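In what follows, a structure is listed as structure tokens, so that the remarks can point back to it.
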Amino acid sequence: MATPAALPPLPFNPSRVRSYVLRLPLFTRLVLLAIIVFWLLELQTVWSVKQWGSLIPEEINIGTMYRLNTYPFIHFGFFHAFLNLLALTPLLERFEAEHGTLTAVALFFGPLSTFPAGAYIVIERFVLHRNTEVFGASVWVFLLLGSEAIRTFKSNPYFSLGPYKIPTWTSPLFACGLVSIFVQNASLLGHLCAIFVGYLFGLGYLKVFVPPEKVLRWIEGKLNLLGRLPHYVSVDQKTFGRYGVLPTTTAGGERATPMSYLGSSQRLAAIRKPRSNPHFLFVHLPHILSFICIVAGVVWLLLLPLNDYSRQTYISENALLPGQVHAYFSGSEQHIFRGYKKELEAILERQTPSEQDSRNEEFTPAVSDEIQSILRAAGLKVATQKYEYTSSGITHQGQNVYAIIQAPRGDATEAIVLVAAWKTADDELNLNGVSLALTLAGYFKRWSLWSKDIIFVFPPDSKSGTQAWIDAYHDMQPAFVQPLPLKSGALQGGLVIEYPFDHRFESLHILYDGVNGQLPNLDLFNTAVSIAGGQMGIGSNLQEIWDHNDSYEMRLQTILRGMVKQGFGYATGAHSSFMPYHIDAITLQPKGDGWQDEMALGRTIEGLCRSLNNLLEHLHQSFFFYLLMQTNRFVSIGTYLPSAMLIAGNFTIMAIALWLRTGYYTGLEQTAVKPPGTAEETNKQAATLTEKSGANTAQQPAVKTVSSSIIERQLALPLTLVVSLHLLGLVPLYIFNNINHQYYPTATYASIAINAILPSVLAASLTRGLTTTPRDQSQQSLLIKSFSLLVLGLFLSTLATLNFSLSFMIGLLCTPLSFVNRIDSRTASRPVRSVLAVAGLVLLNVLSPPVVLLGACRYSGVDVETVLTQAAFGWDVWGMWTQVVVWCVWWPAWVTGCALLGFSLF
Amino acid sequence: MTVFSLLSLLFLAAFPSLASANSDYHESLVLQPLPQSALLASFNFQSNDSQTSFDERHFRYFPRALGQILRHANTKELHLRFTTGRWDAESWGPRPWKGTKEGGTGVELWAWIDAVDDEAAFAKWITLAQSLSGLFCASLNFIDSTRTTRPVVSFEPMGTHAASDNLHLLHGTLPGEVVCTENLTPFLKLLPCKGKAGVASLLDGHKLFDASWQSMSVDVRPICTQAGDCVVQIDQSVDIVLDIDRSKRPRDNPIPRPVPNEQLVCDTSKPYHSDDTCYPLESTSDKSWGLSEIFGRSISGSCPLTEGSTDGTVCLRVPHEREVHATDGAVEVKRPDGYTRCFTLESSTSFDLAIPEQEATTQVPLDEPVLRAERTIVGHGQERGGMRIIFDNPSDTNAVDFIYFETLPWFLRPYVHTLQATITGRDGLRRQVPASQFIKETFYRPAIDRERGTQLELALSVPAASTVTLTYDFEKAILRYTEYPPDANRGFNVAPAVIKLSSADGGASHPIYIRTTSLLLPLPTPDFSMPYNVIILTSTVIALAFGSIFNLLVRRFVTAEEASAMRAQTLKSRLGGKLVALRDRVKGKTAKTE
């Protein structure tokens with residue numbers, strides 16, 4: 001065995017399992033292999049293995065007799081195959097060991113497959129007149145159980161259960177009954193046929209089919225099977241049953257066939273080799289595992305758009321009944337709509353020229369008064385709310401106007417919100433949207449069927465107005481936001497109306513992303529799609545993809561755009577502010593140039609309000625975590641989560657491996673004592689040394705103690721460094737959220753410069769300042785990396801459950817950090833080290849947070865200042881957490897990675 | 001001049017007549033148009049039976065079913081309310097009957113029960129609630145100990161009770177109860193004319209329950225004169241606020257479709273006015289309506305049992321100059337106040353009223369409410385929340401003193417120490433002040449889990465021209481999963497708070513009652529669907545992964561030799577070794593001797 005110190009013990013004893021598996025005889029192996037191969041073949045969809053090889057009574061004719069032999073190899077799923085494998089392996093192994101490989105081949109390709117199949121077909125087709133297909137190795141399992149039971153019966157005829165004596169040969173029947181009770185689709189008849197044949201075989205009636213020993217011996221001798229085939233069980237090698245034979249009768253000489261023994265032991269050694277090689281175990285294996293995790297995570301995400309991994313959307317909450325009511329919003333309401341619109345336009349025109357220049361489209365008091373008077377005339381309760389936010393030196397202030405339709409017989413316990421912001425999310429004048437909301441307010445007021453109050457909110461903009469309103473609604477408002485004078489009950493849903501142009505529209509663009517990547521209940525989105533599409537004949541779009549042809553690329557693009565929005569976590573519209581309070585909301589934006597007019601949008605909203613009005617309880621049925629790839633296809637969290645988890649897991653794996661490595665494996669330490677050699681050689685020598693450690697006493701005692709003892713970890717420096725770097729992240733977090741907006745580009749460039757210098761300075765000061773041995777330095781650099789990656793993995797895997805996209809993006813950007821190491825001074829000469837380290841540092845700097853930000857801005861053509869102002873606004877007003885993740889999770893990990901490379905310079 | 005001071009005057013005037021008549025029956029209907037095309041209709045039915053005949057189980061006008069229940073439950077005074085909707089004080093002014101004949105949303109019941117002690121009273125109370133539950137087809141049987149309180153100062157007996165009686169006041173509410181026709185039918189059956197004749201013939205479930213606000217009440221109380229003549233009075237009332245537009249819609253076509261283009265009332269003065277553009281004009285005239293139009297039927301004559309119909313049964317509160325068409329034969333009496341006219345019905349002919357649309361010149365003045373109160377739940381999340389109660393005193397001169405009474409279910413656990421008050425003057429400035437500045441007295445009875453709810457009674461005073469906001473935090477208890485009702489979980493209803501104002505003019509005996517709206521309390525709910533499963537599964541996986549990783553990290557790996565060496569060094573193992581050696585020796589010896 002390898003050195004005990006090098007091999008952490010596993011929870012179960014793997015050596016026994018391994019030796020059992022390694023000793024499996026040839027035919028058993030082949031059968032298992034065939035089963036696995038057929039299972040894998042079944043995974044593809046082009047050629048149905050099941051259709052080809054299963055035992056279908058009607059299909060059996062001369063040309064398809066092969067089915068009589070192929071059906072035991074075919075399974076219909078992983079669990080079917082796996083359970084049958086588990087059951088079959090010991091039975092078949094015993095059979096082969098008792099009868100020899102050749103006999104097993106002859107019997108299992110002959111009578112033991114065909115007889116049960118034949119019996120099954122005869123009964124199924126001619127007695128029962130059915131045509132159920134069967135397949136699976138369970139036929140052999142029950143057959144072998146049957147023959148075993150007969151043998152048991154011969155030696156031990158009865159179980160005694162109290163006064164009753166149960167014959168032991170019935171036990172397979174019990175098993176068969178249990179299986180058919182517990183396993184769906186288990187063929188009782190097939191199993192019974194198999195047991196019957198098994199009984200026959202056990203009673204010896206099938207002996208005639210066993211090839212005579214003489215013939216077998218002759219074949220064996222002629223072909224030298226024993227010498228050529230590994231794990232071959234010879235005719236002479238048979239163990240004669242489980243009771244064994246007396247040692248004296250064992251043909252000792254023949255048993256130990258030198259060739260076969262040699263072969264197996266070589267293979268054993270090959271498998272054991274990597275385990276006994278600590279360098280592989282501690283250095284290479286984690287890298288391989290991490291890499292596999294990353295690749296698997298990315299591939300997983302790329303698989304999601306496929307039909308097999310995504311699902312069709314459906315309405316989960318039955319109370320919604322989307323599109324089940326007739327919408328009456330039409331006719332003369334359109335005249336009123338035009339009247340309101342003209343009135344608002346007139347007010348905009350009336351504004352003085354000086355006002356018109358700068359604030360032509362502003363939400364002036366005149367507009368606010370007009371909206372209030374219209375709402376009051378319609379009989380709604382109207383109130384206003386002033387607010388003021390300051391972020392990055394910019395003041396955002398305004399006045400929300402809102403009005404409540406009190407449900408006629410309601411009790412102010414529940415409410416629906418309709419929002420029409422004066423400015424849309426894209427900062428366009430939402431004149432049609434506001435007029436539509438005003439018309440709807442008058443129209444809804446006449447209905448008596450509302451079970452919930454309906455609140456109409458008219459904020460001056462889509463960014464801050466709704467946030468101020470919803471904060472005040474829950475009494476969580478900051479000091480410069482007025483409390484609401486008028487309130488209703490618990491909000492059950494929100495709809496935002498945008499209609500920023502004058503022409504007719506073609507389709508509806510539905511915005512659903514909330515702050516911090518929170519999403520509304522999928523039912524709300526589905527209801528909107530279903531009412532717009534099913535009832536009104538309006539198509540829906542999402543994520544600004546206008547020509548979605550349902551191809552893989554389009555689906556992937558939709559998912560990725562959704563992930564980018566979710567990852568950044570900013571408010572995409574007025575609806576986003578509702579999400580933190582667990583109020584589901586979406587924005588409806590008309591897009592394109594078609595033949596749908598504002599009345600169609602009004603009817604869609606009427607239908608949506610009627611659906612929400614039906615709700616008996618808060619939306620909870622459907623998904624809150626999903627990725628949409630099409631208006632009617634989505635992936636749920638269970639399917640997509642592993643992708644981000646795998647990426648986060650790669651850091652954790654590396655961190656744990658490094659921790660173990662620092663404690664048990666010194667790596668290249670011996671080079672200091674021993675003459676120079678390659679790392680591999682040294683390790684081998686160390687391994688052999690430790691293996692012999694029991695006997696060896698004199699040779700090189702110094703080396704031996706170093707490699708076999710447990711190493712103490714120097715934790716103080718690594719822990720301090722990692723913790724303080726994470727705390728240091730608060731500094732840029734504070735700066736980027738609090739300085740004036742005009743300094744943001746400067747601050748970005750400054751942070752790039754600091755990022756370039758900081759790791760090297762850190763490395764230099766740590767190397768110079770602390771006098772430690774090179775060995776300690778190496779260990780400490782590994783520990784620093786371990787802690788940093790551990791924290792990163794921990795954060796990212798937790799974040800994946802909250803904001804999948806952000807975790808995935810940061811995880812991908814951090815992947816190089818798993819593979820950066822301090823380049824050891826003993827493996828490379830100084831110039832090589834320096835060149836490598838500098839190259840690595842340059843590459844890493846390309847992936848630093850500010851550089852990535854600049855790159856993304858350049859790519860999407862947005863100004864850095866705008867992005868950072870928006871981010872600071874998000875932090876101040878929306879409660880956005882993206883910056884915290886960037887500066888307190890990503891940045892510290894990045895600095896640590898760079899510092900590790902920097903160590904190699906000194 | 002208050003609208004309803006008249007009613008209360010009527011009410012007061014009833015007292016002397018009671019003394020003379022041992023047994024009588026009155027009914028009345030007061031109609032008053034309210035702003036925003038609303039119409040308040042107050043039905044009142046009052047009958048008296050003498051105490052002696054009541055005790056002898058001789059019922060004339062008093063409903064036998066109710067009388068038996070009251071006797072069985074030793075109930076001396078009973079008040080039962082069925083209410084739906086909310087009274088819009090901002091538009092509709094003060095409440096009918098000064099709020100004394102309405103309850104909180106759902107069902108509210110309070111009674112004075114004669115019993116030796118609290119337990120006996122509670123047993124009788126449960127009997128009463130169960131019996132009334134059957135009588136009125138309401139879920140009153142769900143009033144159990146958790147929903148029962150014993151208010152201290154919020155309610156006072158309305159009747160005269162003998163000092164010897166050991167009376168207990170018990171109060172229970174069912175805020176989530178939906179009041180509907182199955183409650184109206186038994187209610188009408190208690191009337192002497194059963195809704196077949198008299199003003200009660202207007203009460204049709206379809207129209208009644210289409211009202212914007214509606215309240216039904218039953219009050220039973222004993223009234224004694226100085227002379228010792230006692231009567232048992234049952235006072236039933238139905239108050240509804242109808243939307244005239246909505247009620248006038250034909251029953252076979254109730255959908256408020258957009259009006260045809262030519263019927264749109266537009267502001268033609270607007271420059272952009274055209275055939276397809278219309279800025280709607282607010283109509284200033286009063287809408288036309290008639291009894292049969294609004295209630296779907298006319299009054300089928302007076303109830304023949306009505307006695308002393310001197311004042312007219314149907315009263316209408318519109319300015320005298322307004323044109324009103326009544327059925328011929330009805331006697332119209334105009335009251336001197338300028339706004340009230342009453343009609344006396346004939347027993348045989350049906351009666352109808354119609355008011356044509358006319359330009360409104362004067363309006364019946366509505367009183368300013370004495371106090372506005374609003375109660376909402378603030379905060380969010382599954383664990384805690386806050387209650388915010390706003391009292392607004394619109395008067396510029398007088399402070400308002402009142403009793404604030406609220407009952408909270410046990411799963412809402414208030415933190416009374418967080419009770420804070422803010423006062424906002426007309427200038428809009430908010431000031432944090434100690435709550436004791438407004439709260440003169442507090443009665444607080446904390447909840448016991450699953451046994452009784454919280455009872456909080458505060459004597460408050462709100463200064464003139466200011467708004468006082470009280471807030472306190474609460475915690476939401478986690479219910480056992482069997483304690484969730486099996487129906488759709490929209491949250492749990494919290495009963496409305498009751499505010500009792502001692503009215504300025506009438507003294508303490510005629511208080512004004514105001515009730516806030518009920519509240520919806522969302523509690524953490526087990527949801528055995530996907531998110532719940534996902535959370536459980538993820539937690540399990542993380543726990544398992546954490547366990548093994550933690551194990552791997554903290555375990556110290558040593559060789560077998562080292563381990564045995566270490567084990568040999570511990571005291572326990574050394575002792576164990578010695579014991580084994582000793583046992584071996586003993587065994588060896590015994591073996592030898594055998």
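Identifiers for the structure tokens are assigned positionally: chains receive A, B, ... in sequence, residues are indexed from 1 per chain, and ligands are indexed from 1 in the order shown.
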Kindly assemble as a tab-separated table a list of the chain A residues that lie within 7 Å of chain B, each paired with its nearest atom pair and their distance in Å to one decimal, using only C-alpha atoms, sorted first by chain and then by ascending residue number.
residue	atom	partner	partner_atom	distance
A:Pro4	CA	B:Thr559	CA	5.8
A:Ala5	CA	B:Thr559	CA	6.3
A:Pro8	CA	B:Phe557	CA	6.8
A:Tyr328	CA	B:Arg257	CA	6.1
A:Ser330	CA	B:Pro258	CA	6.9
A:Gly331	CA	B:Pro258	CA	6.3
A:Ser332	CA	B:Asn261	CA	5.2
A:Glu333	CA	B:Pro258	CA	6.2
A:His335	CA	B:Thr277	CA	4.4
A:Ile336	CA	B:Cys278	CA	4.9
A:Arg338	CA	B:Thr277	CA	5.2
A:Gly339	CA	B:Tyr279	CA	4.3
A:Tyr340	CA	B:Tyr279	CA	6.1
A:Lys342	CA	B:Tyr272	CA	6.9
A:Ala377	CA	B:Glu282	CA	6.5
A:Gly379	CA	B:Gln36	CA	6.9
A:Pro408	CA	B:Ser212	CA	4.7
A:Arg409	CA	B:Gly85	CA	4.3
A:Gly410	CA	B:Gly85	CA	5.1
A:Asp411	CA	B:Gly85	CA	5.3
A:Ala412	CA	B:Thr517	CA	6.8
A:Thr413	CA	B:Leu520	CA	5.4
A:Arg446	CA	B:Pro256	CA	6.3
A:Trp447	CA	B:Pro256	CA	6.3
A:His474	CA	B:Val378	CA	4.9
A:Asp475	CA	B:Val378	CA	5.7
A:Met476	CA	B:Gly379	CA	6.7
A:Tyr581	CA	B:His380	CA	6.5
A:Leu616	CA	B:Arg490	CA	5.9
A:Glu617	CA	B:Arg490	CA	4.0
A:His618	CA	B:Arg490	CA	6.3
* Choose the residue, out of A:Asn526, A:Ser392, A:Thr720, A:Thr170, that has the smallest atom-to-atom separation from A:Glu148; count only C-alpha atoms. => A:Thr170
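Residues in contact range of A:Asp502, defined as at most 12 Å between only C-alpha atoms, with sequence neighbours fewer than 3 positions away removed, read A:Arg338, A:Lys341, A:Glu428, A:Leu429, A:Asn430, A:Leu431, A:Asn432, A:Gly433, A:Ser435, A:Glu498, A:Tyr499, A:Phe505, A:Pro590, A:Lys591, A:Gly592, A:Asp593, A:Gly594, A:Gln596, A:Asp597, A:Glu598.
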Dump N, CA and C atoms for the selected residues as a PDB file, in the first residue's frame?
ATOM      1  N   ARG A 338     -58.614  60.110 -26.110  1.00  0.00           N
ATOM      2  CA  ARG A 338     -58.081  61.200 -26.948  1.00  0.00           C
ATOM      3  C   ARG A 338     -58.248  62.541 -26.242  1.00  0.00           C
ATOM      4  N   LYS A 341     -55.621  62.919 -23.657  1.00  0.00           N
ATOM      5  CA  LYS A 341     -54.312  63.088 -24.279  1.00  0.00           C
ATOM      6  C   LYS A 341     -54.160  64.515 -24.802  1.00  0.00           C
ATOM      7  N   GLU A 428     -38.406  58.297 -22.281  1.00  0.00           N
ATOM      8  CA  GLU A 428     -39.250  58.925 -23.286  1.00  0.00           C
ATOM      9  C   GLU A 428     -40.534  59.402 -22.608  1.00  0.00           C
ATOM     10  N   LEU A 429     -41.204  60.348 -23.261  1.00  0.00           N
ATOM     11  CA  LEU A 429     -42.442  60.870 -22.692  1.00  0.00           C
ATOM     12  C   LEU A 429     -43.556  59.840 -22.884  1.00  0.00           C
ATOM     13  N   ASN A 430     -44.153  59.445 -21.780  1.00  0.00           N
ATOM     14  CA  ASN A 430     -45.129  58.358 -21.811  1.00  0.00           C
ATOM     15  C   ASN A 430     -46.542  58.930 -21.860  1.00  0.00           C
ATOM     16  N   LEU A 431     -46.805  59.796 -22.843  1.00  0.00           N
ATOM     17  CA  LEU A 431     -48.076  60.510 -22.863  1.00  0.00           C
ATOM     18  C   LEU A 431     -49.250  59.558 -23.067  1.00  0.00           C
ATOM     19  N   ASN A 432     -49.113  58.668 -24.024  1.00  0.00           N
ATOM     20  CA  ASN A 432     -50.197  57.719 -24.279  1.00  0.00           C
ATOM     21  C   ASN A 432     -50.441  56.820 -23.084  1.00  0.00           C
ATOM     22  N   GLY A 433     -49.364  56.395 -22.446  1.00  0.00           N
ATOM     23  CA  GLY A 433     -49.504  55.507 -21.297  1.00  0.00           C
ATOM     24  C   GLY A 433     -50.268  56.175 -20.173  1.00  0.00           C
ATOM     25  N   SER A 435     -52.318  58.776 -20.427  1.00  0.00           N
ATOM     26  CA  SER A 435     -53.712  58.995 -20.829  1.00  0.00           C
ATOM     27  C   SER A 435     -54.500  57.696 -20.716  1.00  0.00           C
ATOM     28  N   GLU A 498     -46.490  51.443 -20.404  1.00  0.00           N
ATOM     29  CA  GLU A 498     -45.657  52.389 -21.143  1.00  0.00           C
ATOM     30  C   GLU A 498     -46.172  52.436 -22.567  1.00  0.00           C
ATOM     31  N   TYR A 499     -46.282  53.630 -23.093  1.00  0.00           N
ATOM     32  CA  TYR A 499     -46.704  53.776 -24.490  1.00  0.00           C
ATOM     33  C   TYR A 499     -46.131  55.088 -24.979  1.00  0.00           C
ATOM     34  N   PHE A 505     -49.116  49.872 -32.536  1.00  0.00           N
ATOM     35  CA  PHE A 505     -47.990  48.997 -32.226  1.00  0.00           C
ATOM     36  C   PHE A 505     -48.267  47.586 -32.717  1.00  0.00           C
ATOM     37  N   PRO A 590     -45.441  48.575 -25.532  1.00  0.00           N
ATOM     38  CA  PRO A 590     -45.786  48.308 -26.927  1.00  0.00           C
ATOM     39  C   PRO A 590     -44.564  48.565 -27.806  1.00  0.00           C
ATOM     40  N   LYS A 591     -44.375  47.734 -28.784  1.00  0.00           N
ATOM     41  CA  LYS A 591     -43.218  47.901 -29.668  1.00  0.00           C
ATOM     42  C   LYS A 591     -43.636  47.680 -31.102  1.00  0.00           C
ATOM     43  N   GLY A 592     -42.853  48.198 -32.001  1.00  0.00           N
ATOM     44  CA  GLY A 592     -43.061  47.944 -33.414  1.00  0.00           C
ATOM     45  C   GLY A 592     -44.165  48.804 -34.002  1.00  0.00           C
ATOM     46  N   ASP A 593     -44.402  48.586 -35.275  1.00  0.00           N
ATOM     47  CA  ASP A 593     -45.423  49.362 -35.965  1.00  0.00           C
ATOM     48  C   ASP A 593     -46.400  48.380 -36.575  1.00  0.00           C
ATOM     49  N   GLY A 594     -47.555  48.258 -35.967  1.00  0.00           N
ATOM     50  CA  GLY A 594     -48.523  47.274 -36.453  1.00  0.00           C
ATOM     51  C   GLY A 594     -49.910  47.860 -36.466  1.00  0.00           C
ATOM     52  N   GLN A 596     -52.234  47.264 -33.822  1.00  0.00           N
ATOM     53  CA  GLN A 596     -52.864  47.280 -32.503  1.00  0.00           C
ATOM     54  C   GLN A 596     -52.871  48.716 -31.982  1.00  0.00           C
ATOM     55  N   ASP A 597     -53.999  49.158 -31.464  1.00  0.00           N
ATOM     56  CA  ASP A 597     -54.029  50.523 -30.947  1.00  0.00           C
ATOM     57  C   ASP A 597     -54.049  50.514 -29.420  1.00  0.00           C
ATOM     58  N   GLU A 598     -54.121  51.707 -28.851  1.00  0.00           N
ATOM     59  CA  GLU A 598     -54.063  51.818 -27.397  1.00  0.00           C
ATOM     60  C   GLU A 598     -55.223  51.096 -26.720  1.00  0.00           C
TER      61      GLU A 598
END
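Comparing the minimum interatomic distances between B:Leu208 and each of B:Pro356, B:Asp144, B:Glu483, B:Phe43, counting only C-alpha atoms, we find that B:Phe43 sits nearest.
Here atom CA of A:Gln312 and atom CA of A:Asn614 stand 23.8 Å from one another.
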* Quick one: DSSP helix (DSSP H, G or I) residues in stretch 279-451 of chain A, as a PyMOL selection string? -> chain A and resi 279-303+318-320+333-350+353-359+365-377+431-446
* Shell around stretch 396-410 of chain B at 6 Å using only C-alpha atoms, local window under 3 positions removed, as an MDAnalysis selection string -> chainID B and resid 447 449 453:465 497:501
Limited to N, CA and C atoms, could you put the picked residues into a file as a PDB file, in the first residue's frame?
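Result file is result.pdb:
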ATOM      1  N   ALA B 447     -51.837  38.518  25.279  1.00  0.00           N
ATOM      2  CA  ALA B 447     -52.393  37.287  24.729  1.00  0.00           C
ATOM      3  C   ALA B 447     -51.741  36.071  25.374  1.00  0.00           C
ATOM      4  N   ASP B 449     -50.899  32.199  24.050  1.00  0.00           N
ATOM      5  CA  ASP B 449     -50.913  31.450  22.796  1.00  0.00           C
ATOM      6  C   ASP B 449     -52.043  30.448  22.767  1.00  0.00           C
ATOM      7  N   GLY B 453     -56.692  36.302  22.756  1.00  0.00           N
ATOM      8  CA  GLY B 453     -55.994  37.323  22.000  1.00  0.00           C
ATOM      9  C   GLY B 453     -55.611  38.509  22.863  1.00  0.00           C
ATOM     10  N   THR B 454     -54.883  39.425  22.250  1.00  0.00           N
ATOM     11  CA  THR B 454     -54.499  40.637  22.963  1.00  0.00           C
ATOM     12  C   THR B 454     -55.679  41.600  23.004  1.00  0.00           C
ATOM     13  N   GLN B 455     -55.838  42.246  24.122  1.00  0.00           N
ATOM     14  CA  GLN B 455     -56.876  43.267  24.228  1.00  0.00           C
ATOM     15  C   GLN B 455     -56.213  44.557  24.665  1.00  0.00           C
ATOM     16  N   LEU B 456     -56.431  45.586  23.888  1.00  0.00           N
ATOM     17  CA  LEU B 456     -55.781  46.859  24.184  1.00  0.00           C
ATOM     18  C   LEU B 456     -56.829  47.958  24.151  1.00  0.00           C
ATOM     19  N   GLU B 457     -56.983  48.648  25.257  1.00  0.00           N
ATOM     20  CA  GLU B 457     -57.900  49.780  25.295  1.00  0.00           C
ATOM     21  C   GLU B 457     -57.140  50.995  25.765  1.00  0.00           C
ATOM     22  N   LEU B 458     -57.204  52.036  24.961  1.00  0.00           N
ATOM     23  CA  LEU B 458     -56.464  53.246  25.283  1.00  0.00           C
ATOM     24  C   LEU B 458     -57.445  54.399  25.371  1.00  0.00           C
ATOM     25  N   ALA B 459     -57.285  55.214  26.390  1.00  0.00           N
ATOM     26  CA  ALA B 459     -58.041  56.463  26.445  1.00  0.00           C
ATOM     27  C   ALA B 459     -57.118  57.531  25.885  1.00  0.00           C
ATOM     28  N   LEU B 460     -57.523  58.105  24.763  1.00  0.00           N
ATOM     29  CA  LEU B 460     -56.634  59.000  24.044  1.00  0.00           C
ATOM     30  C   LEU B 460     -57.249  60.377  23.933  1.00  0.00           C
ATOM     31  N   SER B 461     -56.377  61.327  23.668  1.00  0.00           N
ATOM     32  CA  SER B 461     -56.851  62.686  23.422  1.00  0.00           C
ATOM     33  C   SER B 461     -55.996  63.260  22.301  1.00  0.00           C
ATOM     34  N   VAL B 462     -56.666  63.700  21.236  1.00  0.00           N
ATOM     35  CA  VAL B 462     -55.933  64.273  20.114  1.00  0.00           C
ATOM     36  C   VAL B 462     -56.181  65.775  20.108  1.00  0.00           C
ATOM     37  N   PRO B 463     -55.108  66.567  20.168  1.00  0.00           N
ATOM     38  CA  PRO B 463     -55.273  68.016  20.200  1.00  0.00           C
ATOM     39  C   PRO B 463     -55.916  68.531  18.924  1.00  0.00           C
ATOM     40  N   ALA B 464     -56.410  69.747  18.997  1.00  0.00           N
ATOM     41  CA  ALA B 464     -57.091  70.332  17.850  1.00  0.00           C
ATOM     42  C   ALA B 464     -56.124  70.497  16.687  1.00  0.00           C
ATOM     43  N   ALA B 465     -56.661  70.368  15.490  1.00  0.00           N
ATOM     44  CA  ALA B 465     -55.927  70.621  14.253  1.00  0.00           C
ATOM     45  C   ALA B 465     -54.611  69.877  14.188  1.00  0.00           C
ATOM     46  N   ALA B 497     -60.440  48.006  14.658  1.00  0.00           N
ATOM     47  CA  ALA B 497     -60.416  48.639  15.969  1.00  0.00           C
ATOM     48  C   ALA B 497     -61.697  49.454  16.142  1.00  0.00           C
ATOM     49  N   VAL B 498     -62.133  49.582  17.378  1.00  0.00           N
ATOM     50  CA  VAL B 498     -63.356  50.334  17.672  1.00  0.00           C
ATOM     51  C   VAL B 498     -62.962  51.611  18.400  1.00  0.00           C
ATOM     52  N   ILE B 499     -63.496  52.702  17.952  1.00  0.00           N
ATOM     53  CA  ILE B 499     -63.195  53.977  18.591  1.00  0.00           C
ATOM     54  C   ILE B 499     -64.484  54.549  19.150  1.00  0.00           C
ATOM     55  N   LYS B 500     -64.480  54.862  20.413  1.00  0.00           N
ATOM     56  CA  LYS B 500     -65.685  55.382  21.054  1.00  0.00           C
ATOM     57  C   LYS B 500     -65.423  56.834  21.448  1.00  0.00           C
ATOM     58  N   LEU B 501     -66.181  57.718  20.833  1.00  0.00           N
ATOM     59  CA  LEU B 501     -66.032  59.132  21.153  1.00  0.00           C
ATOM     60  C   LEU B 501     -67.187  59.525  22.041  1.00  0.00           C
TER      61      LEU B 501
END
* To do: Just the residues within 12 Å of A:Val851, please, counting only C-alpha atoms, with nothing from its chain fewer than 3 positions along; format it as a VMD selection string.
  => chain A and resid 745 748 to 756 813 842 to 848 854 to 858 864 891
